[in-house]
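Only one structure is covered here, and it is reproduced in the block below.
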Amino acid sequence: ERYVPPPRKLNAGVSFGAEHFAETSYYFEGGLRKVRPYYFDFRTYCKGRWVGRSLLHVFGTEFRAQPLAYYRAAARAGRLRLNEEPVRDLDIVLKNNDFLRNTVHRHEPPVTAQPIRILAEDNEVVVVDKPSSLPVHPCGRFRHNTVIFILGKEHGLRELHTLHRLDRMTSGVLMFAKTAAVSKRIDEQVRQRQLEKEYVCRVVGEFPEHEVVCEEPILVVSYKVGVCRVDPKGKPCQTLFQRLSYNGSSSVVRCLPRTGRTHQIRVHLQFLGHPIVNDPIYNMEAWGPDRGKGGKIGKTDEELLKALVEEHRSKQSLEVLGIGEEDLNPSGESKDCGNAGDCTKSAEADPLNGSSCPAGDETDVKDPKTNDVAACPLNSDIDLETLDKDKELSLCGNQDGQRGEKGWEEKDPLCMECRTSRRDPSPKELVMFLHALRYKGADFEYCSSMPEWAMEDWEE
């Protein structure tokens with residue numbers, strides 16, 4: 001009988017230490033902050049539905065982003081471990097409390113090289129001006145290229161509690177609590193709707209001079225791609241809009257969301273016929289000739305998603321959506337985390353193999369847990385059955401302290417990313433004209449400066 005040790009609690013919080021930051025390092029190129037590829041361990045306990053099933057069967061039915069040949073090769077390379085023992089036979093039957101570990105070669109998408117500016121810091125909070133393209137915390141394919149990791153690695157700010165969240169493509173005021181007590185106090189203000197949030201954006205066309213209130217309900221179309229639309233079956237919400245300026249082709253608009261739905265500001269602006277100028281989702285041809293104005297799309301949700309993906313694929317800009325080709329596996333759509341933009345729960349989708357979840361919305365969402373997910377897709381042109389085991393182990397280098405540098409210097413024989421040439425996005429592609437300008441509570445108020453693109457005399 002195989003011995004199964006008693007379960008131990010996995011740290012599901014957002015606390016990261018020196019060993020996490022040492023996994024790899026950054027470098028800057030072409031106005032982008034890049035992460036050197038590195039080896040990373042995905043960990044999970046055996047799910048109840050897996051008990052009594054073979055590891056091979058679980059991989060073949062639940063983790064189909066990779067073919068079974070990949071897992072056999074990974075096992076030969078020592079990258080699959082069961083209760084910290086190398087897996088030699090994928091026919092092994094899983095038991096309750098079995099602990100699985102999968103080592104993968106991880107590549108992160110680049111983000112803008114714009115630094116994170118600290119607006120305020122005291123014993124209770126840290127307030128920063130977040131650049132566009134940067135997720136707040138690890139999720140999807142992002143780990144080191146996140147606000148939490150950069151603050152920890154470059155500013156020594158650790159043990160931070162996420163109070164609210166900004167969409168990856170949204171810039172602006174972002175608050176963190178330094179203690180659990182402060183986090184609880186501000187979270188209570190969030191629940192009682194005592195917080196005021198003010199955004200500024202640049203939209204297409206001449207926005208009305210009078211105040212506009214939009215109360216259209218919003219429905220999530222896809223958590224994986226991160227797409228919403230106005231629909232009577234959606235959740236109720238309200239946004240106030242006020243035009244600040246108009247330069248003859250586009251308008252700067254002040255936005256006051258009274259609720260916090262996924263992509264609320266962006267969806268309401270699209271419905272009003274004034275989408276954000278460079279919105280990579282809601283100002284695309286895929287929505288039809290009117291770009292979704294008035295909720296007129298003329299496509300089913302499936303047709304809309306396919307058209308959006310194809311439009312970005314043709315422009316080689318899937319990375320702008322925070323997804324890659326491997327994330328579009330048809331078998332994965334049913335595994336969306338399903339929590340309205342809070343992608344911190346997406347590890348449940350595919351903890352061994354990785355999957356992607358959108359980095360959220362421009363609204364505030366409490367971050368209860370952080371579990372990382374990512375994808376390391378397979379190059380089907382490689383004969384996985386004949387890879388040299390010793391060579392794989394020497395490249396894997398999955399001993400503490402060495403993984404980051406080895407992952408950067410060497411090509412990994414199991415990793416398609418190592419053999420794929422991708423076009424880097426330009427810094428301009430990673431900026432969306434939506435900025436969190438002010439965040440006000442019962443006893444605090446923090447503001448950032450107006451972004452350059454929001455100046456009255458700004459021109460494209």
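To be explicit about the labels: the chains of the structure tokens are called A, B, and onward in the order shown, and within each one the residues are counted from 1, while ligands get numbers from 1 in the order they are shown.
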Neighbour list for segment 449-457 of chain A as a PyMOL selection string, cut-off 8 Å, only C-alpha atoms, skip fewer than 2 positions in-chain = chain A and resi 200-202+245-247+252+433+435+437+447+459
Could you pull the residues within 10 Å of segment 266-269 of chain A, counting only C-alpha atoms, minus those fewer than 2 positions along the same chain, as a PyMOL selection string?
-> chain A and resi 201+203-204+207+213-219+227-230+237-241+253+255+261-264+271-276+279+281-283+292-295+361-362+434
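Nearest to Ala74 of chain A of all the residues A:Glu310, A:Glu319, A:Glu285, A:Asp412 is A:Asp412, based on only C-alpha atoms.
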Using only C-alpha atoms, which residues sit within 9 Å of Asn123 of chain A once same-chain residues fewer than 2 positions away are excluded, as an mmCIF file with C-alpha atoms, in the first residue's frame?
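This went into part_17.cif:
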data_model
loop_
_atom_site.group_PDB
_atom_site.id
_atom_site.type_symbol
_atom_site.label_atom_id
_atom_site.label_comp_id
_atom_site.auth_asym_id
_atom_site.auth_seq_id
_atom_site.Cartn_x
_atom_site.Cartn_y
_atom_site.Cartn_z
ATOM 1 C CA GLU A 121 2.709 55.565 2.172
ATOM 2 C CA VAL A 125 -1.550 51.905 3.501
ATOM 3 C CA VAL A 126 0.505 52.133 0.334
ATOM 4 C CA ALA A 177 -3.356 47.875 3.229
ATOM 5 C CA LYS A 178 -0.328 47.020 5.353
ATOM 6 C CA THR A 179 -2.273 45.157 8.028
#
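Taking only C-alpha atoms, the non-local environment of Phe444 of chain A within 12 Å (same-chain residues fewer than 5 positions away omitted) comprises Ala120, Glu124, Val125, Val127, Met175, Ile186, Gln189, Gln194, Leu195, Glu196, Arg438 and Tyr439 of chain A.
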Contact residues around segment 26-31 of chain A with only C-alpha atoms at 7 Å, ignoring same-chain residues under 2 positions, as a ChimeraX atom specification | /A:33-36,112-113,427
Got time to write the residues from that selection, N, CA, C and O atoms, as a tab-separated table (two decimals), in the first residue's frame?
chain	number	residue	atom	x	y	z
A	33	ARG	N	8.88	45.99	-20.02
A	33	ARG	CA	9.45	45.25	-18.89
A	33	ARG	C	9.22	43.77	-19.19
A	33	ARG	O	8.08	43.32	-19.36
A	34	LYS	N	10.30	43.00	-19.24
A	34	LYS	CA	10.20	41.59	-19.57
A	34	LYS	C	10.71	40.72	-18.41
A	34	LYS	O	11.57	41.14	-17.65
A	35	VAL	N	10.19	39.51	-18.35
A	35	VAL	CA	10.58	38.54	-17.33
A	35	VAL	C	11.36	37.41	-18.00
A	35	VAL	O	10.90	36.84	-18.99
A	36	ARG	N	12.52	37.11	-17.47
A	36	ARG	CA	13.28	35.98	-18.01
A	36	ARG	C	12.52	34.68	-17.71
A	36	ARG	O	12.05	34.48	-16.60
A	112	THR	N	4.37	47.26	-20.03
A	112	THR	CA	5.06	48.52	-20.27
A	112	THR	C	6.16	48.74	-19.24
A	112	THR	O	6.05	48.31	-18.09
A	113	ALA	N	7.22	49.41	-19.65
A	113	ALA	CA	8.35	49.66	-18.76
A	113	ALA	C	8.11	50.84	-17.83
A	113	ALA	O	8.96	51.16	-17.00
A	427	PRO	N	4.78	49.52	-26.74
A	427	PRO	CA	4.28	50.16	-25.52
A	427	PRO	C	2.94	50.86	-25.74
A	427	PRO	O	2.08	50.86	-24.86
Can you list every residue in segment 157-246 of chain A that DSSP puts in alpha helix (DSSP H), as a list of chain:residue names?
-> A:Ala180, A:Ala181, A:Val182, A:Ser183, A:Lys184, A:Arg185, A:Ile186, A:Asp187, A:Glu188, A:Gln189, A:Val190, A:Arg191
Please return as an NGL selection string: the residues of segment 80-241 of chain A that backbone DSSP assigns to strand (DSSP E).
-> :A and (80-82 or 85-86 or 99-106 or 111-112 or 117-121 or 125-130 or 161-162 or 171-177 or 196-204 or 212-214 or 218-222 or 227-230 or 239-241)
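Non-sequential neighbours of segment 84-86 of chain A (distance at most 10 Å, separation of 2 or more positions within a chain, only C-alpha atoms) are A:Ala75, A:Arg76, A:Ala77, A:Gly78, A:Arg79, A:Leu80, A:Arg81, A:Leu82, A:Arg88, A:Asp89, A:Asp98, A:Phe99, A:Leu100, A:Arg101.
Taking atom CA of Val431 of chain A and atom CA of Glu209 of chain A as endpoints, the distance between them is 26.2 Å.
Here the question is which of A:Gln192, A:Gly17, A:Tyr223, A:Val58 gets nearest to Ala442 of chain A using only C-alpha atoms, and that residue is A:Gln192.
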